[in-house]
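Accompanying notes for the structure given below.
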Amino acid sequence: MAEKFTFSLDGQEITAEPGQSIMKAADAAGVYIPRLCDTEGLKPQGSCRVCVVKMNGRTVAACTQPARADAIVESETPEIMGYRRDLVRMLFHEGNHLCPICEASGRCELQAMAYRLGITQSTKYPYLQPVRPVDASHPDIVLDTNRCILCGRCIRASRDIDGKNVFEYVGRGVHKKVGVNGDSLADTDVSIDDRAINLETCPVGCIIQKGRGFFTPIGERQFDLAPIGSNGKGRKA
Amino acid sequence: MAKTRVIEIDPLTRVEGHGKVTIHLDENNNVDEARLHIVEFRGFERFILGRLYWEVPVIVQRLCGICPVSHHLAASKAMDMIVGADTLTPTAEKMRRLMHYGQIMQSNVLHFFHLSSPDLLFGFGDDVGKRNIFGVIQENPELAMKGIRMRKFGQQVIEATAGKRIHGTSAVPGGINKNLSIAERDKLLQDVDQMIVWAQEAENIARDYTHEHLPHVSKFAAFNSNHMSLVRGDGALDLYHGRLRAIDAGGNIIFDQVDYRDFNDYLMEEVRSWSYMKFPFIKRRGPLDGWYRVGPLSRMNTAGFIDTPLADEAHQAFRQLTNGLPNQMSLAYHWARMIEVLHCVEKIKSLLHDQDLQGEELLVRGERREEGIGVIEAPRGTLFHHYRVDENDQVTFCNLIVSTTNNNEAMNRAISRVAKEHLSGQPKITEPMLNQIEVVVRAYDPCLSCATHALGQMPLVVEVYDAEGTVVDRKSS
């Protein structure tokens with residue numbers, strides 16, 4: 001077994017194994033690096049860039065970048081926090097994220113991340129207000145891509161864990177969206193028991209289980225109890 | 001060509017929402033007609049389409065920040081029908097009732113103390129700079145503080161039952177998502193007795209005002225109308241659930257014990273080109289004779305009795321004022337509103353001692369339906385929510401008849417009456433004269449944002465038109 005090594009994360013010495021990402025090493029040390037597209041049990045893809053850090057002066061995604069011995073990594077600096085704030089703000093402007101009426105409110109990682117980053121008001125960016133129909137064709141599951149942030153967690157879960165490939169990216173650029181392998185969800189072999197449908201897989205309210213909205217009282221929702229990242233691992237706070 | 005004069009009140013202050021009053025003068029400067037225009041965009045009925053039925057109680061309550069609980073509960077009742085929950089568990093029903101009583105209490109108190117008390121305390125024509133809640137705080141700090149603390153208590157009841165003071169999420173199709181913890185109960189119990197004392201004091205103030213100013217109150221925008229509300233099976237006042245009763249100006253029953261799910265068989269709505277707010281009327285009487293009033297005044301007129309002792313005593317005194325006949329005085333809405341506050345606090349106290357609120361059974365389900373109708377007595381009157389939901393659980397139809405809409409014709413008649421009385425033939429229109437119009441609109445406590453289902457900032461304008469249709473005066477404040 002190759003030898004462990006250390007690197008510096010915001011001045012703290014972090015131990016890592018060869019090949020381990022900066023994020024995994026930081027998680028193991030109890031240091032939280034914000035993230036949205038990465039979650040436990042799925043292969044990282046580095047698409048949301050919220051976990052951006054500077055390694056030896058170069059910006060990289062902490063979820064995909066392997067740690068290096070003696071690397072100097074910056075995470076919670078004003079510059080990096082500014083990048084993260086801008087990235088998360090743009091997600092709000094790109095989709096239709098109406099927290100006051102969304103059943104994911106209180107357990108939504110996007111919302112929780114916005115609070116963590118101090119995003120409390122709208123910005124200079126225009127709201128794109130895309131028109132995206134809701135796919136409620138399945139008896140148990142709804143796909144509301146108005147709230148999608150293209151994290152790809154459902155795609156990876158369906159492909160790598162469920163072995164079904166129910167979800168996939170379709171389109172390019174600003175037209176990119178999550179589609180399903182069929183005309184609608186009802187045409188697919190998706191099941192309520194799939195990992196892709198688990199409420200912890202979708203970080204927002206894009207994939208929801210029918211008829212269970214608002215069952216958790218305000219005050220008892222996941223991020224009412226503890227802010228995102230408070231135990232160093234994000235969602236599992 | 002006739003001399004042109006323009007009056008505008010912009011905004012009409014101390015009401016919820018954005019509207020405009022236009023006053024039309026004939027060639028002799030006499031008031032021909034006055035209209036209350038609601039000019040906000042009406043949108044919720046449209047953009048709810050395609051959303052999922054369990055989202056509806058949370059979405060539609062965003063119509064309003066003053067009485068969101070009413071919309072939350074009316075929509076929940078409609079969605080109870082959708083999920084086939086014909087009878088809720090005792091915990092769910094009582095939690096919702098508790099929430100509703102807290103809501104009516106805080107809304108009625110807000111209206112009386114914050115919006116209307118300046119008129120009643122200082123007079124309609126007093127210095128405009130003083131006629132507001134800050135003037136009340138300066139002149140009568142103890143009374144103002146009681147009003148503020150009573151409203152706070154109502155909000156605390158809502159917070160304990162709905163999860164938040166404004167726009168909570170606890171009522172879900174088929175029940176409720178939480179019970180009342182012992183800690184929440186005990187916190188409310190600490191203040192409830194004080195609230196009953198203050199509610200009695202407030203009711204006394206409103207009663208005494210009515211008696212002391214009876215010559216004025218009995219004439220100021222007093223006119224005969226039908227009245228409608230929900231009542232309980234035995235005819236008692238019931239603000240959360242019941243059956244529809246309508247009476248005419250003489251107190252005769254037009255219809256009674258009507259299942260509100262059949263409301264479309266009894267009521268219709270008329271559209272007029274100059275307002276986004278519709279004009280409902282009782283079908284069998286037609287638009288000319290079938291318009292009606294709703295809200296506290298109407299509830300006092302339709303209810304046979306009130307099932308809480310202090311409020312019932314006040315109700316009897318209220319009915320005695322008009323010898324048991326329906327009270328038709330617009331300004332009597334204030335007294336009626338305070339009787340309801342007393343009733344709500346009595347109900348809250350009684351519910352807080354009910355152990356069902358700590359029950360664990362919160363939800364029921366039955367046979368799924370495609371149509372849901374929920375009706376509730378909101379602070380301002382009867383509130384109808386009507387939806388259709390397809391097999392995919394998406395809303396395909398939504399119609400909301402809000403309390404203020406039910407009072408549309410009555411408010412128009414009221415301002416017309418006051419305008420004719422106070423503005424006709426006047427060479428100069430003064431602010432106190434126009435405040436008379438605001439006072440009568442305020443008596444109905446209209447929620448103009450609810451009525452048009454709007455979002456945004458909402459002032460009210462008053463305009464005066466001459467016989468040629470030219471705006472001759474406009475008031476804004």
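In the structure tokens, the first chain shown is A, the next is B, and so on; residue numbers restart at 1 for each chain, and ligands run from 1 in the order shown.
Excluding A:Glu94 itself and any same-chain residue fewer than 4 positions from it, the protein and nucleic acid residues within 9 Å of it, counting only C-alpha atoms, are Arg89, Met90, Pro126, Tyr127, Leu128, Gln129, Pro130, Ile149 and Val174 of chain A.
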Handout entry: For stretch 183-195 of chain A: contacts at 12 Å, only C-alpha atoms, fewer than 6 positions along chain excluded, given as a ChimeraX atom specification
Key = /A:40-42,133-144,153-167,201-202,207-210 /B:392
Practice task
Give me, as a PyMOL selection string, the contact residues of chain B against chain A at a cut-off of 7 Å, counting only C-alpha atoms.
Solution key: chain B and resi 54+58-59+163+169-170+172+177-178+392
Handout entry: Secondary structure check, helix (DSSP H, G or I) residues of stretch 178-290 of chain B, as a PyMOL selection string
Key = chain B and resi 182-212+214-217+260-265+283-289
Problem - Those in stretch 77-253 of chain B with strand (DSSP E or B) from DSSP, as a PyMOL selection string - result: chain B and resi 171-172+175-176+222+226-231+236-237+243-247+253
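Here atom CA of A:Ala62 stands at a distance of 6.5 Å from atom CA of A:Ser21.
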Exercise for the section: Find the residues near B:Pro118: any atom within 7 Å, counting only C-alpha atoms, skip ones fewer than 6 places away on the same chain, and give them as a list in words. Expected result: Arg131, Asn132, Ile133 and Val136 of chain B
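The smallest atom-to-atom distance between B:Ser424 and any of B:Phe397, B:Asp466, B:Glu377, B:Gly129, using only C-alpha atoms, is found for B:Asp466.
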Problem - For stretch 113-125 of chain A: contacts at 9 Å, only C-alpha atoms, fewer than 6 positions along chain excluded, given as a VMD selection string - result: chain A and resid 34 to 36 81 to 82 84 to 85 88 to 90 92 to 93 227 to 229
Problem - Contact residues around A:Cys51 with only C-alpha atoms at 12 Å, ignoring same-chain residues under 5 positions, as a PyMOL selection string - result: chain A and resi 21-24+26+32-39+44-46+59-65+73-76+80-81+83-85+87-88+113+234
Write out as a PDB file with all heavy atoms, in the first residue's frame which residues come within 12 Å of B:Arg165 when counting only C-alpha atoms, dropping same-chain ones fewer than 3 positions away.
```pdb
ATOM      1  N   ILE A 218     -42.114  22.472   9.300  1.00  0.00           N
ATOM      2  CA  ILE A 218     -41.069  23.490   9.397  1.00  0.00           C
ATOM      3  C   ILE A 218     -40.447  23.377  10.796  1.00  0.00           C
ATOM      4  O   ILE A 218     -41.142  23.231  11.790  1.00  0.00           O
ATOM      5  CB  ILE A 218     -41.678  24.891   9.194  1.00  0.00           C
ATOM      6  CG1 ILE A 218     -42.151  25.038   7.750  1.00  0.00           C
ATOM      7  CG2 ILE A 218     -40.681  25.990   9.547  1.00  0.00           C
ATOM      8  CD1 ILE A 218     -42.980  26.277   7.493  1.00  0.00           C
TER       9      ILE A 218
ATOM     10  N   GLY B  65     -50.455  38.228   2.443  1.00  0.00           N
ATOM     11  CA  GLY B  65     -49.611  38.116   3.636  1.00  0.00           C
ATOM     12  C   GLY B  65     -50.389  38.385   4.902  1.00  0.00           C
ATOM     13  O   GLY B  65     -49.856  38.277   6.002  1.00  0.00           O
ATOM     14  N   ILE B  66     -51.654  38.761   4.773  1.00  0.00           N
ATOM     15  CA  ILE B  66     -52.467  39.059   5.959  1.00  0.00           C
ATOM     16  C   ILE B  66     -53.287  37.833   6.361  1.00  0.00           C
ATOM     17  O   ILE B  66     -53.332  37.466   7.527  1.00  0.00           O
ATOM     18  CB  ILE B  66     -53.420  40.248   5.695  1.00  0.00           C
ATOM     19  CG1 ILE B  66     -52.623  41.482   5.278  1.00  0.00           C
ATOM     20  CG2 ILE B  66     -54.264  40.540   6.923  1.00  0.00           C
ATOM     21  CD1 ILE B  66     -51.718  42.053   6.328  1.00  0.00           C
ATOM     22  N   CYS B  67     -53.952  37.223   5.397  1.00  0.00           N
ATOM     23  CA  CYS B  67     -54.743  36.044   5.767  1.00  0.00           C
ATOM     24  C   CYS B  67     -54.333  34.817   4.933  1.00  0.00           C
ATOM     25  O   CYS B  67     -55.195  34.133   4.386  1.00  0.00           O
ATOM     26  CB  CYS B  67     -56.237  36.309   5.665  1.00  0.00           C
ATOM     27  SG  CYS B  67     -56.807  36.765   4.029  1.00  0.00           S
ATOM     28  N   PRO B  68     -53.042  34.514   4.868  1.00  0.00           N
ATOM     29  CA  PRO B  68     -52.632  33.328   4.099  1.00  0.00           C
ATOM     30  C   PRO B  68     -53.221  32.044   4.660  1.00  0.00           C
ATOM     31  O   PRO B  68     -53.486  31.107   3.917  1.00  0.00           O
ATOM     32  CB  PRO B  68     -51.103  33.334   4.215  1.00  0.00           C
ATOM     33  CG  PRO B  68     -50.789  34.168   5.401  1.00  0.00           C
ATOM     34  CD  PRO B  68     -51.881  35.195   5.472  1.00  0.00           C
ATOM     35  N   VAL B  69     -53.457  32.020   5.980  1.00  0.00           N
ATOM     36  CA  VAL B  69     -53.995  30.798   6.594  1.00  0.00           C
ATOM     37  C   VAL B  69     -55.341  30.443   5.966  1.00  0.00           C
ATOM     38  O   VAL B  69     -55.636  29.268   5.744  1.00  0.00           O
ATOM     39  CB  VAL B  69     -54.127  30.979   8.125  1.00  0.00           C
ATOM     40  CG1 VAL B  69     -54.957  29.871   8.733  1.00  0.00           C
ATOM     41  CG2 VAL B  69     -52.748  31.032   8.771  1.00  0.00           C
ATOM     42  N   MET B  99     -55.387  26.964  14.227  1.00  0.00           N
ATOM     43  CA  MET B  99     -54.663  27.849  13.302  1.00  0.00           C
ATOM     44  C   MET B  99     -55.601  28.941  12.779  1.00  0.00           C
ATOM     45  O   MET B  99     -55.259  30.122  12.735  1.00  0.00           O
ATOM     46  CB  MET B  99     -54.141  27.003  12.128  1.00  0.00           C
ATOM     47  CG  MET B  99     -53.151  27.700  11.230  1.00  0.00           C
ATOM     48  SD  MET B  99     -52.893  26.788   9.673  1.00  0.00           S
ATOM     49  CE  MET B  99     -52.666  25.110  10.158  1.00  0.00           C
ATOM     50  N   GLY B 102     -56.537  31.581  15.343  1.00  0.00           N
ATOM     51  CA  GLY B 102     -55.398  32.485  15.506  1.00  0.00           C
ATOM     52  C   GLY B 102     -55.344  33.478  14.359  1.00  0.00           C
ATOM     53  O   GLY B 102     -55.076  34.668  14.535  1.00  0.00           O
ATOM     54  N   GLN B 103     -55.640  32.978  13.175  1.00  0.00           N
ATOM     55  CA  GLN B 103     -55.615  33.802  11.966  1.00  0.00           C
ATOM     56  C   GLN B 103     -56.679  34.889  11.994  1.00  0.00           C
ATOM     57  O   GLN B 103     -56.408  36.051  11.736  1.00  0.00           O
ATOM     58  CB  GLN B 103     -55.801  32.879  10.761  1.00  0.00           C
ATOM     59  CG  GLN B 103     -56.429  33.481   9.552  1.00  0.00           C
ATOM     60  CD  GLN B 103     -55.496  34.411   8.823  1.00  0.00           C
ATOM     61  OE1 GLN B 103     -54.309  34.452   9.126  1.00  0.00           O
ATOM     62  NE2 GLN B 103     -56.024  35.169   7.912  1.00  0.00           N
ATOM     63  N   GLN B 106     -55.817  37.539  14.623  1.00  0.00           N
ATOM     64  CA  GLN B 106     -54.770  38.509  14.293  1.00  0.00           C
ATOM     65  C   GLN B 106     -55.187  39.439  13.162  1.00  0.00           C
ATOM     66  O   GLN B 106     -54.874  40.625  13.174  1.00  0.00           O
ATOM     67  CB  GLN B 106     -53.434  37.815  14.002  1.00  0.00           C
ATOM     68  CG  GLN B 106     -53.323  37.030  12.705  1.00  0.00           C
ATOM     69  CD  GLN B 106     -52.979  37.879  11.500  1.00  0.00           C
ATOM     70  OE1 GLN B 106     -52.533  39.004  11.653  1.00  0.00           O
ATOM     71  NE2 GLN B 106     -53.207  37.341  10.319  1.00  0.00           N
ATOM     72  N   ARG B 151     -52.418  41.018  18.378  1.00  0.00           N
ATOM     73  CA  ARG B 151     -52.070  40.503  17.049  1.00  0.00           C
ATOM     74  C   ARG B 151     -50.907  39.531  17.167  1.00  0.00           C
ATOM     75  O   ARG B 151     -50.883  38.482  16.522  1.00  0.00           O
ATOM     76  CB  ARG B 151     -51.723  41.658  16.107  1.00  0.00           C
ATOM     77  CG  ARG B 151     -51.254  41.133  14.766  1.00  0.00           C
ATOM     78  CD  ARG B 151     -51.411  42.104  13.634  1.00  0.00           C
ATOM     79  NE  ARG B 151     -51.237  41.382  12.382  1.00  0.00           N
ATOM     80  CZ  ARG B 151     -50.112  41.401  11.662  1.00  0.00           C
ATOM     81  NH1 ARG B 151     -49.089  42.118  12.046  1.00  0.00           N
ATOM     82  NH2 ARG B 151     -50.018  40.698  10.553  1.00  0.00           N
ATOM     83  N   LYS B 152     -49.957  39.882  18.025  1.00  0.00           N
ATOM     84  CA  LYS B 152     -48.796  39.010  18.210  1.00  0.00           C
ATOM     85  C   LYS B 152     -49.238  37.628  18.718  1.00  0.00           C
ATOM     86  O   LYS B 152     -48.745  36.602  18.256  1.00  0.00           O
ATOM     87  CB  LYS B 152     -47.838  39.661  19.214  1.00  0.00           C
ATOM     88  CG  LYS B 152     -46.579  38.861  19.472  1.00  0.00           C
ATOM     89  CD  LYS B 152     -45.708  39.549  20.509  1.00  0.00           C
ATOM     90  CE  LYS B 152     -44.521  38.665  20.879  1.00  0.00           C
ATOM     91  NZ  LYS B 152     -43.802  39.202  22.031  1.00  0.00           N
ATOM     92  N   PHE B 153     -50.207  37.637  19.643  1.00  0.00           N
ATOM     93  CA  PHE B 153     -50.676  36.352  20.175  1.00  0.00           C
ATOM     94  C   PHE B 153     -51.290  35.502  19.055  1.00  0.00           C
ATOM     95  O   PHE B 153     -51.013  34.302  18.944  1.00  0.00           O
ATOM     96  CB  PHE B 153     -51.703  36.589  21.286  1.00  0.00           C
ATOM     97  CG  PHE B 153     -52.230  35.312  21.890  1.00  0.00           C
ATOM     98  CD1 PHE B 153     -51.486  34.609  22.827  1.00  0.00           C
ATOM     99  CD2 PHE B 153     -53.482  34.806  21.517  1.00  0.00           C
ATOM    100  CE1 PHE B 153     -51.972  33.423  23.371  1.00  0.00           C
ATOM    101  CE2 PHE B 153     -53.966  33.622  22.060  1.00  0.00           C
ATOM    102  CZ  PHE B 153     -53.207  32.932  22.995  1.00  0.00           C
ATOM    103  N   GLY B 154     -52.128  36.145  18.223  1.00  0.00           N
ATOM    104  CA  GLY B 154     -52.725  35.414  17.094  1.00  0.00           C
ATOM    105  C   GLY B 154     -51.650  34.831  16.195  1.00  0.00           C
ATOM    106  O   GLY B 154     -51.736  33.681  15.743  1.00  0.00           O
ATOM    107  N   GLN B 155     -50.609  35.618  15.961  1.00  0.00           N
ATOM    108  CA  GLN B 155     -49.504  35.147  15.116  1.00  0.00           C
ATOM    109  C   GLN B 155     -48.763  33.988  15.779  1.00  0.00           C
ATOM    110  O   GLN B 155     -48.289  33.071  15.097  1.00  0.00           O
ATOM    111  CB  GLN B 155     -48.523  36.297  14.845  1.00  0.00           C
ATOM    112  CG  GLN B 155     -49.107  37.449  14.050  1.00  0.00           C
ATOM    113  CD  GLN B 155     -49.163  37.162  12.564  1.00  0.00           C
ATOM    114  OE1 GLN B 155     -49.605  36.095  12.152  1.00  0.00           O
ATOM    115  NE2 GLN B 155     -48.740  38.100  11.754  1.00  0.00           N
ATOM    116  N   GLN B 156     -48.662  34.037  17.107  1.00  0.00           N
ATOM    117  CA  GLN B 156     -47.984  32.934  17.811  1.00  0.00           C
ATOM    118  C   GLN B 156     -48.791  31.641  17.705  1.00  0.00           C
ATOM    119  O   GLN B 156     -48.225  30.552  17.606  1.00  0.00           O
ATOM    120  CB  GLN B 156     -47.758  33.307  19.282  1.00  0.00           C
ATOM    121  CG  GLN B 156     -46.660  34.346  19.464  1.00  0.00           C
ATOM    122  CD  GLN B 156     -46.569  34.868  20.889  1.00  0.00           C
ATOM    123  OE1 GLN B 156     -47.563  34.937  21.615  1.00  0.00           O
ATOM    124  NE2 GLN B 156     -45.374  35.253  21.300  1.00  0.00           N
ATOM    125  N   VAL B 157     -50.122  31.777  17.735  1.00  0.00           N
ATOM    126  CA  VAL B 157     -50.973  30.592  17.546  1.00  0.00           C
ATOM    127  C   VAL B 157     -50.730  30.005  16.159  1.00  0.00           C
ATOM    128  O   VAL B 157     -50.588  28.784  15.986  1.00  0.00           O
ATOM    129  CB  VAL B 157     -52.470  30.951  17.739  1.00  0.00           C
ATOM    130  CG1 VAL B 157     -53.366  29.775  17.360  1.00  0.00           C
ATOM    131  CG2 VAL B 157     -52.741  31.377  19.176  1.00  0.00           C
ATOM    132  N   ILE B 158     -50.641  30.888  15.174  1.00  0.00           N
ATOM    133  CA  ILE B 158     -50.392  30.422  13.802  1.00  0.00           C
ATOM    134  C   ILE B 158     -49.023  29.739  13.727  1.00  0.00           C
ATOM    135  O   ILE B 158     -48.878  28.656  13.142  1.00  0.00           O
ATOM    136  CB  ILE B 158     -50.462  31.595  12.805  1.00  0.00           C
ATOM    137  CG1 ILE B 158     -51.867  32.173  12.773  1.00  0.00           C
ATOM    138  CG2 ILE B 158     -50.030  31.156  11.419  1.00  0.00           C
ATOM    139  CD1 ILE B 158     -51.990  33.464  11.974  1.00  0.00           C
ATOM    140  N   GLU B 159     -48.028  30.349  14.338  1.00  0.00           N
ATOM    141  CA  GLU B 159     -46.675  29.773  14.287  1.00  0.00           C
ATOM    142  C   GLU B 159     -46.648  28.370  14.911  1.00  0.00           C
ATOM    143  O   GLU B 159     -46.042  27.446  14.369  1.00  0.00           O
ATOM    144  CB  GLU B 159     -45.696  30.695  15.023  1.00  0.00           C
ATOM    145  CG  GLU B 159     -44.252  30.224  14.936  1.00  0.00           C
ATOM    146  CD  GLU B 159     -43.307  31.182  15.648  1.00  0.00           C
ATOM    147  OE1 GLU B 159     -43.729  31.896  16.577  1.00  0.00           O
ATOM    148  OE2 GLU B 159     -42.124  31.202  15.272  1.00  0.00           O
ATOM    149  N   ALA B 160     -47.346  28.228  16.029  1.00  0.00           N
ATOM    150  CA  ALA B 160     -47.341  26.930  16.715  1.00  0.00           C
ATOM    151  C   ALA B 160     -48.070  25.858  15.909  1.00  0.00           C
ATOM    152  O   ALA B 160     -47.752  24.675  16.001  1.00  0.00           O
ATOM    153  CB  ALA B 160     -47.977  27.079  18.098  1.00  0.00           C
ATOM    154  N   THR B 161     -49.035  26.273  15.107  1.00  0.00           N
ATOM    155  CA  THR B 161     -49.842  25.288  14.381  1.00  0.00           C
ATOM    156  C   THR B 161     -49.413  25.123  12.924  1.00  0.00           C
ATOM    157  O   THR B 161     -49.556  24.044  12.361  1.00  0.00           O
ATOM    158  CB  THR B 161     -51.330  25.698  14.402  1.00  0.00           C
ATOM    159  OG1 THR B 161     -51.426  27.075  14.031  1.00  0.00           O
ATOM    160  CG2 THR B 161     -51.931  25.504  15.781  1.00  0.00           C
ATOM    161  N   ALA B 162     -48.887  26.205  12.320  1.00  0.00           N
ATOM    162  CA  ALA B 162     -48.555  26.160  10.888  1.00  0.00           C
ATOM    163  C   ALA B 162     -47.063  26.054  10.624  1.00  0.00           C
ATOM    164  O   ALA B 162     -46.643  25.773   9.518  1.00  0.00           O
ATOM    165  CB  ALA B 162     -49.103  27.403  10.179  1.00  0.00           C
ATOM    166  N   GLY B 168     -47.071  29.385   6.523  1.00  0.00           N
ATOM    167  CA  GLY B 168     -46.693  28.064   7.047  1.00  0.00           C
ATOM    168  C   GLY B 168     -47.081  26.968   6.072  1.00  0.00           C
ATOM    169  O   GLY B 168     -47.674  27.224   5.014  1.00  0.00           O
ATOM    170  N   THR B 169     -46.762  25.724   6.440  1.00  0.00           N
ATOM    171  CA  THR B 169     -46.982  24.626   5.483  1.00  0.00           C
ATOM    172  C   THR B 169     -47.640  23.403   6.124  1.00  0.00           C
ATOM    173  O   THR B 169     -47.565  22.316   5.577  1.00  0.00           O
ATOM    174  CB  THR B 169     -45.634  24.171   4.877  1.00  0.00           C
ATOM    175  OG1 THR B 169     -44.784  23.731   5.947  1.00  0.00           O
ATOM    176  CG2 THR B 169     -44.932  25.286   4.124  1.00  0.00           C
ATOM    177  N   SER B 170     -48.278  23.581   7.281  1.00  0.00           N
ATOM    178  CA  SER B 170     -48.648  22.370   8.025  1.00  0.00           C
ATOM    179  C   SER B 170     -49.881  21.638   7.502  1.00  0.00           C
ATOM    180  O   SER B 170     -49.981  20.425   7.647  1.00  0.00           O
ATOM    181  CB  SER B 170     -48.843  22.698   9.508  1.00  0.00           C
ATOM    182  OG  SER B 170     -49.986  23.487   9.673  1.00  0.00           O
TER     183      SER B 170
END
```
Fill in the blank from the handout: Correct to one decimal, the distance atom CA of B:Ser76-atom CA of B:Gly374 is 7.2 Å
Fill in the blank from the handout: Using only C-alpha atoms, the residue out of A:Arg68, A:Lys43, A:Lys4, A:Arg147 with shortest distance to A:Asn96 is A:Arg147
